[in-house]
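K.L.:
This structure is in structure tokens; I'll ask about it shortly.
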Amino acid sequence: MIERCKNVLVLAPHTDDGELGLGGTINKLITEGKRVTYVAFSTAEESVPPGFPKDILKTEVRNATAKLGIKSENLIIYSYQVHKLNYVRQEILEELIKIRKQEKYDLVFIPSLHDIHQDHTTIAQEGLRAFKNTTILGYELIWNNLSFDTQCFVRLREDDIKAKIMALKEYHSQGKRDYLSDEFIYSLAKTRGVQVGSEYAEAFEVVRLFL
């Protein structure tokens with residue numbers, strides 16, 4: 001199914017969510033000539049550690065997505081306040097509808113509908129509302145998922161995982177979080193790969209599927 005998709009949309013509540021959830025898949029898609037548009041809704045200026053410019057995450061997401069091959073013109077960055085996306089969910093929905101009207105997407109990635117982070121929940125729900133007539137896959141961020149249905153897998157090469165790791169290394173402001181470590185990225189990709197007889201993989205929930 002994924003081979004037939006030419007135009008792909010990634011919805012990331014915060015900068016780095018898309019890379020964490022499907023960085024390897026993004027790299028694979030772009031390597032295969034697909035067009036990937038990445039939308040980040042919050043640059044989390046209120047949460048930037050001391051010593052960094054407040055807008056540092058705008059720079060970091062540009063650098064990170066470039067490592068995966070996403071063109072600058074296919075990166076959309078909003079500046080909604082972190083942890084408060086649910087207060088502006090109608091505005092976010094309207095922006096998503098504008099994006100939908102500008103392009104026809106074959107596949108949309110959203111956070112898992114089981115994700116308990118309030119910002120992730122908002123983007124998942126509004127993404128589903130806006131793109132309900134499009135194939136939608138939910139990506140995993142296991143530290144926020146109380147449950148996750150591994151219904152879909154994308155088999156990956158080591159080059160895809162290396163690209164994902166290189167992209168995440170651009171987030172200098174995020175410090176040494178466990179889920180940004182090389183060991184964690186490789187371990188999860190290896191685990192998902194074992195489930196489908198591949199060296200590496202990323203797993204997704206099937207939210208909507210059109211064949």
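Following the order of the structure tokens, first chain is A, next is B, and so on, with residues numbered from 1 inside each chain and ligands from 1 in the order they appear.
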For A:Lys34, find every residue with an atom within 7 Å (counting only C-alpha atoms), except residues of its own chain fewer than 5 positions away, and show them as a list in words.
P.N.:
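So the residues in contact are Lys6, Asn7 and Leu29 of chain A.
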K.L.:
For the residues in the current selection, export N, CA, C and O atoms as a PDB file, in the first residue's frame.
P.N.:
```pdb
ATOM      1  N   LYS A   6       2.048   8.580  -3.156  1.00  0.00           N
ATOM      2  CA  LYS A   6       2.986   9.531  -3.764  1.00  0.00           C
ATOM      3  C   LYS A   6       3.150  10.802  -2.933  1.00  0.00           C
ATOM      4  O   LYS A   6       4.200  11.434  -2.955  1.00  0.00           O
ATOM      5  N   ASN A   7       2.088  11.191  -2.236  1.00  0.00           N
ATOM      6  CA  ASN A   7       2.072  12.462  -1.507  1.00  0.00           C
ATOM      7  C   ASN A   7       1.650  12.197  -0.067  1.00  0.00           C
ATOM      8  O   ASN A   7       0.507  11.811   0.196  1.00  0.00           O
ATOM      9  N   LEU A  29      10.499   6.753   2.532  1.00  0.00           N
ATOM     10  CA  LEU A  29       9.577   7.324   1.553  1.00  0.00           C
ATOM     11  C   LEU A  29      10.292   8.286   0.610  1.00  0.00           C
ATOM     12  O   LEU A  29      10.114   8.234  -0.608  1.00  0.00           O
TER      13      LEU A  29
END
```
K.L.:
Would you kindly return, as a ChimeraX atom specification, each protein, DNA or RNA residue with an atom no farther than 10 Å from any atom of A:Lys84, considering only C-alpha atoms and excluding same-chain residues fewer than 2 positions away?
P.N.:
/A:42,80-82,86-89,118-119,122
K.L.:
Suppose we keep N, CA, C and O atoms; can you now write the selection as a CSV table (one decimal), in the first residue's frame?
P.N.:
```
chain,number,residue,atom,x,y,z
A,42,SER,N,3.6,23.1,17.4
A,42,SER,CA,4.2,23.9,18.5
A,42,SER,C,5.7,23.8,18.5
A,42,SER,O,6.2,22.7,18.4
A,80,TYR,N,1.8,27.5,18.0
A,80,TYR,CA,0.8,27.3,19.1
A,80,TYR,C,1.5,27.0,20.4
A,80,TYR,O,2.5,26.4,20.5
A,81,GLN,N,0.9,27.5,21.5
A,81,GLN,CA,1.5,27.3,22.8
A,81,GLN,C,1.5,25.8,23.3
A,81,GLN,O,0.4,25.2,23.2
A,82,VAL,N,2.6,25.4,23.7
A,82,VAL,CA,2.8,24.0,24.1
A,82,VAL,C,1.8,23.7,25.3
A,82,VAL,O,1.6,24.6,26.1
A,86,ASN,N,-5.3,22.1,22.9
A,86,ASN,CA,-6.8,21.8,23.0
A,86,ASN,C,-7.6,23.0,23.2
A,86,ASN,O,-8.8,23.0,22.9
A,87,TYR,N,-7.0,24.1,23.6
A,87,TYR,CA,-7.7,25.4,23.7
A,87,TYR,C,-8.0,26.0,22.4
A,87,TYR,O,-8.9,26.9,22.3
A,88,VAL,N,-7.3,25.6,21.3
A,88,VAL,CA,-7.4,26.2,20.0
A,88,VAL,C,-7.7,25.1,19.0
A,88,VAL,O,-7.3,25.3,17.8
A,89,ARG,N,-8.4,24.1,19.4
A,89,ARG,CA,-8.6,23.0,18.5
A,89,ARG,C,-9.4,23.3,17.2
A,89,ARG,O,-9.1,22.8,16.2
A,118,GLN,N,-1.9,15.6,26.1
A,118,GLN,CA,-3.0,16.4,25.6
A,118,GLN,C,-2.8,17.0,24.3
A,118,GLN,O,-3.8,17.1,23.5
A,119,ASP,N,-1.6,17.5,23.9
A,119,ASP,CA,-1.4,18.1,22.6
A,119,ASP,C,-1.4,17.0,21.5
A,119,ASP,O,-2.0,17.2,20.4
A,122,THR,N,-5.0,16.1,20.8
A,122,THR,CA,-5.7,17.1,20.0
A,122,THR,C,-5.4,17.0,18.5
A,122,THR,O,-6.3,17.0,17.6
```
K.L.:
Under the rule that only C-alpha atoms are counted, which of A:Gln174, A:Leu96, A:Gln90, A:Asp149 is the nearest residue to A:Ala44?
P.N.:
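Between A:Gln174, A:Leu96, A:Gln90, A:Asp149, the residue approaching A:Ala44 most closely is A:Gln174.
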K.L.:
Find the residues near A:Leu11: any atom within 8 Å, counting only C-alpha atoms, skip ones fewer than 2 places away on the same chain, and give them as JSON, numbers by chain.
P.N.:
{"A": [9, 13, 18, 38, 39, 40, 108, 109, 110, 111, 123, 127]}
K.L.:
Taking the DSSP secondary structure from the backbone, can you list the residues of chain A that are strand (DSSP E or B), as a PyMOL selection string?
P.N.:
chain A and resi 7-14+35-42+75-77+107-111+115+135-139+145+152-156+200-208
K.L.:
Contacts of A:Glu73 at 12 Å or less, counting only C-alpha atoms, minus same-chain residues fewer than 4 places along, as number ranges by chain?
P.N.:
A: 35-39, 62, 65-66, 69, 77
K.L.:
Fewer than 2 positions away in the same chain doesn't count, so skip those; otherwise give me all residues within 8 Å of A:Arg192, counting only C-alpha atoms, as a ChimeraX atom specification.
P.N.:
/A:153,188-190,194-196,200-203
K.L.:
Please save N, CA, C and O atoms of the selected residues as a JSON list (two decimals), in the first residue's frame.
P.N.:
```
[["chain", "number", "residue", "atom", "x", "y", "z"],
["A", 153, "PHE", "N", 3.14, -2.34, 9.64],
["A", 153, "PHE", "CA", 4.58, -2.22, 9.79],
["A", 153, "PHE", "C", 5.20, -1.72, 8.49],
["A", 153, "PHE", "O", 4.76, -2.09, 7.40],
["A", 188, "LEU", "N", 14.05, -0.20, 19.64],
["A", 188, "LEU", "CA", 12.64, -0.24, 19.24],
["A", 188, "LEU", "C", 12.51, -0.67, 17.78],
["A", 188, "LEU", "O", 11.64, -1.49, 17.45],
["A", 189, "ALA", "N", 13.39, -0.16, 16.91],
["A", 189, "ALA", "CA", 13.34, -0.54, 15.50],
["A", 189, "ALA", "C", 13.63, -2.04, 15.33],
["A", 189, "ALA", "O", 13.02, -2.72, 14.50],
["A", 190, "LYS", "N", 14.55, -2.56, 16.14],
["A", 190, "LYS", "CA", 14.86, -3.99, 16.09],
["A", 190, "LYS", "C", 13.69, -4.82, 16.60],
["A", 190, "LYS", "O", 13.34, -5.85, 16.01],
["A", 194, "VAL", "N", 11.68, -7.60, 14.44],
["A", 194, "VAL", "CA", 11.52, -9.01, 14.82],
["A", 194, "VAL", "C", 10.08, -9.46, 14.63],
["A", 194, "VAL", "O", 9.82, -10.61, 14.23],
["A", 195, "GLN", "N", 9.13, -8.56, 14.87],
["A", 195, "GLN", "CA", 7.72, -8.92, 14.75],
["A", 195, "GLN", "C", 7.31, -9.25, 13.32],
["A", 195, "GLN", "O", 6.30, -9.93, 13.11],
["A", 196, "VAL", "N", 8.08, -8.75, 12.34],
["A", 196, "VAL", "CA", 7.70, -8.96, 10.94],
["A", 196, "VAL", "C", 8.82, -9.59, 10.11],
["A", 196, "VAL", "O", 8.81, -9.52, 8.88],
["A", 200, "TYR", "N", 14.84, -4.25, 10.71],
["A", 200, "TYR", "CA", 14.30, -3.08, 11.41],
["A", 200, "TYR", "C", 12.92, -2.77, 10.85],
["A", 200, "TYR", "O", 12.58, -3.12, 9.71],
["A", 201, "ALA", "N", 12.11, -2.09, 11.67],
["A", 201, "ALA", "CA", 10.79, -1.66, 11.21],
["A", 201, "ALA", "C", 10.26, -0.58, 12.14],
["A", 201, "ALA", "O", 10.77, -0.38, 13.25],
["A", 202, "GLU", "N", 9.24, 0.11, 11.67],
["A", 202, "GLU", "CA", 8.43, 0.99, 12.52],
["A", 202, "GLU", "C", 6.99, 0.51, 12.43],
["A", 202, "GLU", "O", 6.55, 0.02, 11.38],
["A", 203, "ALA", "N", 6.27, 0.63, 13.54],
["A", 203, "ALA", "CA", 4.90, 0.11, 13.60],
["A", 203, "ALA", "C", 3.91, 1.26, 13.68],
["A", 203, "ALA", "O", 4.19, 2.33, 14.22]]
```
K.L.:
Interatomic distance between atom CA of A:Asp55 and atom CA of A:Gly138?
P.N.:
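Computing it gives 27.8 Å between the two atoms.
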K.L.:
So, counting only C-alpha atoms, which residue among A:Ser173, A:Gln125, A:Thr135, A:Thr25 is closest to A:Lys58?
P.N.:
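Smallest distance to A:Lys58 is found for A:Ser173.
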K.L.:
Need the shell around A:His114: protein/DNA/RNA residues with any atom at most 8 Å away, counting only C-alpha atoms. Skip same-chain ones fewer than 4 positions apart. Format as a list in words?
P.N.:
Thr121, Asn145, Leu146, Ser147 and Phe148 of chain A
K.L.:
Restricted to N, CA and C atoms, what would the selected residues look like written as a tab-separated table (two decimals), in the first residue's frame?
P.N.:
```tsv
chain	number	residue	atom	x	y	z
A	121	THR	N	-3.16	14.22	21.63
A	121	THR	CA	-4.57	13.86	21.49
A	121	THR	C	-5.30	14.84	20.58
A	145	ASN	N	2.01	6.14	25.23
A	145	ASN	CA	0.97	5.20	24.83
A	145	ASN	C	0.70	4.17	25.92
A	146	LEU	N	-0.47	4.22	26.51
A	146	LEU	CA	-0.84	3.17	27.47
A	146	LEU	C	-1.09	1.86	26.74
A	147	SER	N	-1.52	1.97	25.50
A	147	SER	CA	-1.65	0.79	24.63
A	147	SER	C	-1.36	1.24	23.21
A	148	PHE	N	-0.97	0.27	22.36
A	148	PHE	CA	-0.67	0.59	20.97
A	148	PHE	C	-0.91	-0.66	20.14
```
K.L.:
Within stretch 15-165 of chain A, find each residue whose DSSP state, derived from the backbone, is helix (DSSP H, G or I), and express the selection as a ChimeraX atom specification.
P.N.:
/A:17-31,45-47,56-67,72-74,85-102,118-130,158-165
K.L.:
So, counting only C-alpha atoms, which residue among A:Ala64, A:Ile26, A:Ile185, A:Val207 is closest to A:Ile142?
P.N.:
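Selected residue with least distance to A:Ile142: A:Ile185.
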